[in-house]
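Q: Sharing a structure with you now.
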Amino acid sequence: MSAIESSLARLMEMPGITGAALVDAVTGLTYCVVGDVLEVGDGVETAELTAVISGQLDRVGGESELESVIVTSARRYHVVQTVRRAGDPVLLVAALDRDRTNLALAMRRLTEHAEGVLA
């Protein structure tokens with residue numbers, strides 16, 4: 001098991017998480033997925049979505065300020081957390097079951113995990 005896969009596997013211990021992935025923010029290349037691949041979504045689409053949102057932030061003066069994106073539905077949370085690193089950033093993507101997740105606690109844990117996912 002690779003270090004990235006081990007790191008993502010630790011996220012699966014978090015209450016309510018159904019899947020996680022590490023995605024290149026520029027190309028959408030998915031480096032690793034754990035859990036339910038279908039719930040995590042497509043890496044290219046995720047990268048495109050974050051690029052659109054980041055572009056909108058840039059237009060209003062929030063250059064390079066995108067930290068995370070949260071999409072909610074009746075049953076799921078889909079969270080995309082930016083992981084800063086030298087070179088292009090990567091995205092930590094997590095799918096969460098809404099009935100089993102405290103979103104505030106999940107965001108805190110994902111933010112902490114994002115800081116060390118590439119360590």
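To be explicit about the labels: the chains of the structure tokens are called A, B, and onward in the order shown, and within each one the residues are counted from 1, while ligands get numbers from 1 in the order they are shown.
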Within 9 Å of Cys32 (chain A), counting only C-alpha atoms, which residues show up once you throw out same-chain ones fewer than 4 positions away? Write them as an MDAnalysis selection string, please.
A: chainID A and resid 4:5 8 20:23
Q: Report as an NGL selection string: the residues of chain A with a DSSP assignment of strand (DSSP E), based on the backbone of this structure.
A: :A and (17-24 or 30-35 or 68-72 or 76-83 or 90-97)
Q: Just the selected residues (N, CA, C and O atoms), exported as a compact mmCIF listing (two decimals), in the first residue's frame, please.
A:
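Result file result.txt:
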```txt
# COMPACT_ATOMS: atom_id res chain seq x y z
N ILE A 17 -17.91 8.95 6.34
CA ILE A 17 -17.21 9.05 5.06
C ILE A 17 -17.43 7.77 4.26
O ILE A 17 -17.37 6.67 4.78
N THR A 18 -17.74 7.95 2.98
CA THR A 18 -17.99 6.79 2.12
C THR A 18 -16.91 6.62 1.06
O THR A 18 -16.82 5.56 0.45
N GLY A 19 -16.12 7.65 0.83
CA GLY A 19 -15.04 7.55 -0.14
C GLY A 19 -14.17 8.79 -0.11
O GLY A 19 -14.60 9.85 0.35
N ALA A 20 -12.94 8.65 -0.59
CA ALA A 20 -12.00 9.77 -0.64
C ALA A 20 -11.05 9.57 -1.81
O ALA A 20 -10.80 8.44 -2.24
N ALA A 21 -10.56 10.68 -2.33
CA ALA A 21 -9.62 10.62 -3.46
C ALA A 21 -8.65 11.79 -3.38
O ALA A 21 -8.93 12.82 -2.76
N LEU A 22 -7.52 11.61 -4.02
CA LEU A 22 -6.54 12.68 -4.19
C LEU A 22 -6.43 12.93 -5.68
O LEU A 22 -6.14 12.00 -6.46
N VAL A 23 -6.69 14.18 -6.10
CA VAL A 23 -6.82 14.53 -7.51
C VAL A 23 -5.91 15.71 -7.83
O VAL A 23 -5.83 16.67 -7.07
N ASP A 24 -5.24 15.67 -8.99
CA ASP A 24 -4.45 16.80 -9.46
C ASP A 24 -5.42 17.92 -9.82
O ASP A 24 -6.35 17.73 -10.61
N THR A 30 -6.54 11.39 -11.20
CA THR A 30 -6.79 10.86 -9.86
C THR A 30 -5.62 9.99 -9.47
O THR A 30 -5.33 8.99 -10.11
N TYR A 31 -4.94 10.38 -8.38
CA TYR A 31 -3.78 9.63 -7.91
C TYR A 31 -4.17 8.39 -7.12
O TYR A 31 -3.50 7.37 -7.19
N CYS A 32 -5.25 8.51 -6.34
CA CYS A 32 -5.64 7.39 -5.48
C CYS A 32 -7.10 7.59 -5.06
O CYS A 32 -7.54 8.71 -4.83
N VAL A 33 -7.83 6.48 -4.95
CA VAL A 33 -9.21 6.50 -4.46
C VAL A 33 -9.37 5.37 -3.45
O VAL A 33 -8.87 4.28 -3.66
N VAL A 34 -10.07 5.66 -2.36
CA VAL A 34 -10.44 4.63 -1.40
C VAL A 34 -11.95 4.73 -1.16
O VAL A 34 -12.53 5.80 -1.32
N GLY A 35 -12.56 3.63 -0.82
CA GLY A 35 -14.00 3.64 -0.57
C GLY A 35 -14.78 3.57 -1.87
O GLY A 35 -14.33 3.00 -2.86
N SER A 68 -11.78 25.37 0.01
CA SER A 68 -12.62 24.20 -0.10
C SER A 68 -13.93 24.53 -0.80
O SER A 68 -14.33 25.69 -0.87
N VAL A 69 -14.55 23.47 -1.29
CA VAL A 69 -15.87 23.56 -1.92
C VAL A 69 -16.72 22.49 -1.26
O VAL A 69 -16.28 21.34 -1.12
N ILE A 70 -17.93 22.86 -0.85
CA ILE A 70 -18.85 21.90 -0.24
C ILE A 70 -20.13 21.90 -1.07
O ILE A 70 -20.76 22.94 -1.24
N VAL A 71 -20.48 20.73 -1.56
CA VAL A 71 -21.73 20.56 -2.30
C VAL A 71 -22.62 19.68 -1.44
O VAL A 71 -22.19 18.61 -1.00
N THR A 72 -23.84 20.14 -1.20
CA THR A 72 -24.76 19.36 -0.38
C THR A 72 -25.93 18.88 -1.21
O THR A 72 -26.38 19.56 -2.13
N ARG A 76 -26.13 13.46 0.73
CA ARG A 76 -24.67 13.46 0.73
C ARG A 76 -24.09 14.87 0.87
O ARG A 76 -24.69 15.86 0.51
N TYR A 77 -22.86 14.89 1.39
CA TYR A 77 -21.98 16.05 1.29
C TYR A 77 -20.84 15.61 0.38
O TYR A 77 -20.35 14.48 0.47
N HIS A 78 -20.44 16.49 -0.50
CA HIS A 78 -19.27 16.24 -1.35
C HIS A 78 -18.32 17.40 -1.08
O HIS A 78 -18.65 18.55 -1.34
N VAL A 79 -17.16 17.09 -0.49
CA VAL A 79 -16.22 18.12 -0.06
C VAL A 79 -14.94 18.02 -0.87
O VAL A 79 -14.38 16.93 -1.06
N VAL A 80 -14.48 19.18 -1.34
CA VAL A 80 -13.22 19.26 -2.07
C VAL A 80 -12.33 20.23 -1.30
O VAL A 80 -12.68 21.40 -1.14
N GLN A 81 -11.21 19.74 -0.81
CA GLN A 81 -10.27 20.53 -0.01
C GLN A 81 -8.98 20.73 -0.81
O GLN A 81 -8.41 19.75 -1.29
N THR A 82 -8.54 21.97 -0.97
CA THR A 82 -7.30 22.24 -1.68
C THR A 82 -6.11 21.90 -0.80
O THR A 82 -6.07 22.25 0.39
N VAL A 83 -5.14 21.19 -1.38
CA VAL A 83 -3.91 20.83 -0.68
C VAL A 83 -2.79 21.60 -1.37
O VAL A 83 -2.46 21.34 -2.52
N VAL A 90 -3.10 19.96 -5.29
CA VAL A 90 -3.93 18.77 -5.46
C VAL A 90 -5.20 18.98 -4.65
O VAL A 90 -5.29 19.88 -3.81
N LEU A 91 -6.18 18.13 -4.92
CA LEU A 91 -7.47 18.24 -4.26
C LEU A 91 -7.74 16.98 -3.46
O LEU A 91 -7.60 15.87 -3.98
N LEU A 92 -8.10 17.15 -2.22
CA LEU A 92 -8.55 16.05 -1.38
C LEU A 92 -10.07 16.06 -1.48
O LEU A 92 -10.72 17.03 -1.10
N VAL A 93 -10.63 15.00 -2.04
CA VAL A 93 -12.07 14.90 -2.28
C VAL A 93 -12.65 13.87 -1.32
O VAL A 93 -12.09 12.79 -1.16
N ALA A 94 -13.78 14.21 -0.71
CA ALA A 94 -14.43 13.27 0.21
C ALA A 94 -15.93 13.26 -0.02
O ALA A 94 -16.54 14.31 -0.21
N ALA A 95 -16.49 12.07 -0.01
CA ALA A 95 -17.93 11.89 -0.06
C ALA A 95 -18.38 11.46 1.33
O ALA A 95 -17.78 10.58 1.94
N LEU A 96 -19.43 12.11 1.83
CA LEU A 96 -19.88 11.86 3.19
C LEU A 96 -21.39 11.61 3.21
O LEU A 96 -22.14 12.31 2.53
N ASP A 97 -21.81 10.65 4.01
CA ASP A 97 -23.22 10.38 4.22
C ASP A 97 -23.76 11.45 5.17
O ASP A 97 -23.29 11.58 6.30
```
Q: Rounded to one decimal, what separation in Å do you get between CA of Met14 (chain A) and CA of Ala74 (chain A)?
A: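 These atoms are spaced 20.1 Å apart.
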Q: Among the residues of chain A, find those DSSP assigns to alpha helix (DSSP H) from the backbone and print them as an MDAnalysis selection string.
A: chainID A and resid 3:11 37:40 43:59 103:116
Q: For Val26 (chain A), which residue among A:Glu45, A:Glu13, A:Asp88, A:Gln56 is the nearest when counting only C-alpha atoms?
A: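 Smallest distance to Val26 (chain A) is found for A:Asp88.
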Q: Quote the spacing between CA of Glu39 (chain A) and CA of Thr27 (chain A) in Å to one decimal place.
A: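 Value for the CA of Glu39 (chain A)-CA of Thr27 (chain A) distance: 19.9 Å.
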Q: Rounded to one decimal, what separation in Å do you get between CA of Leu29 (chain A) and CA of Gly43 (chain A)?
A: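 Atom-to-atom, CA of Leu29 (chain A) and CA of Gly43 (chain A) are spaced 6.0 Å apart.
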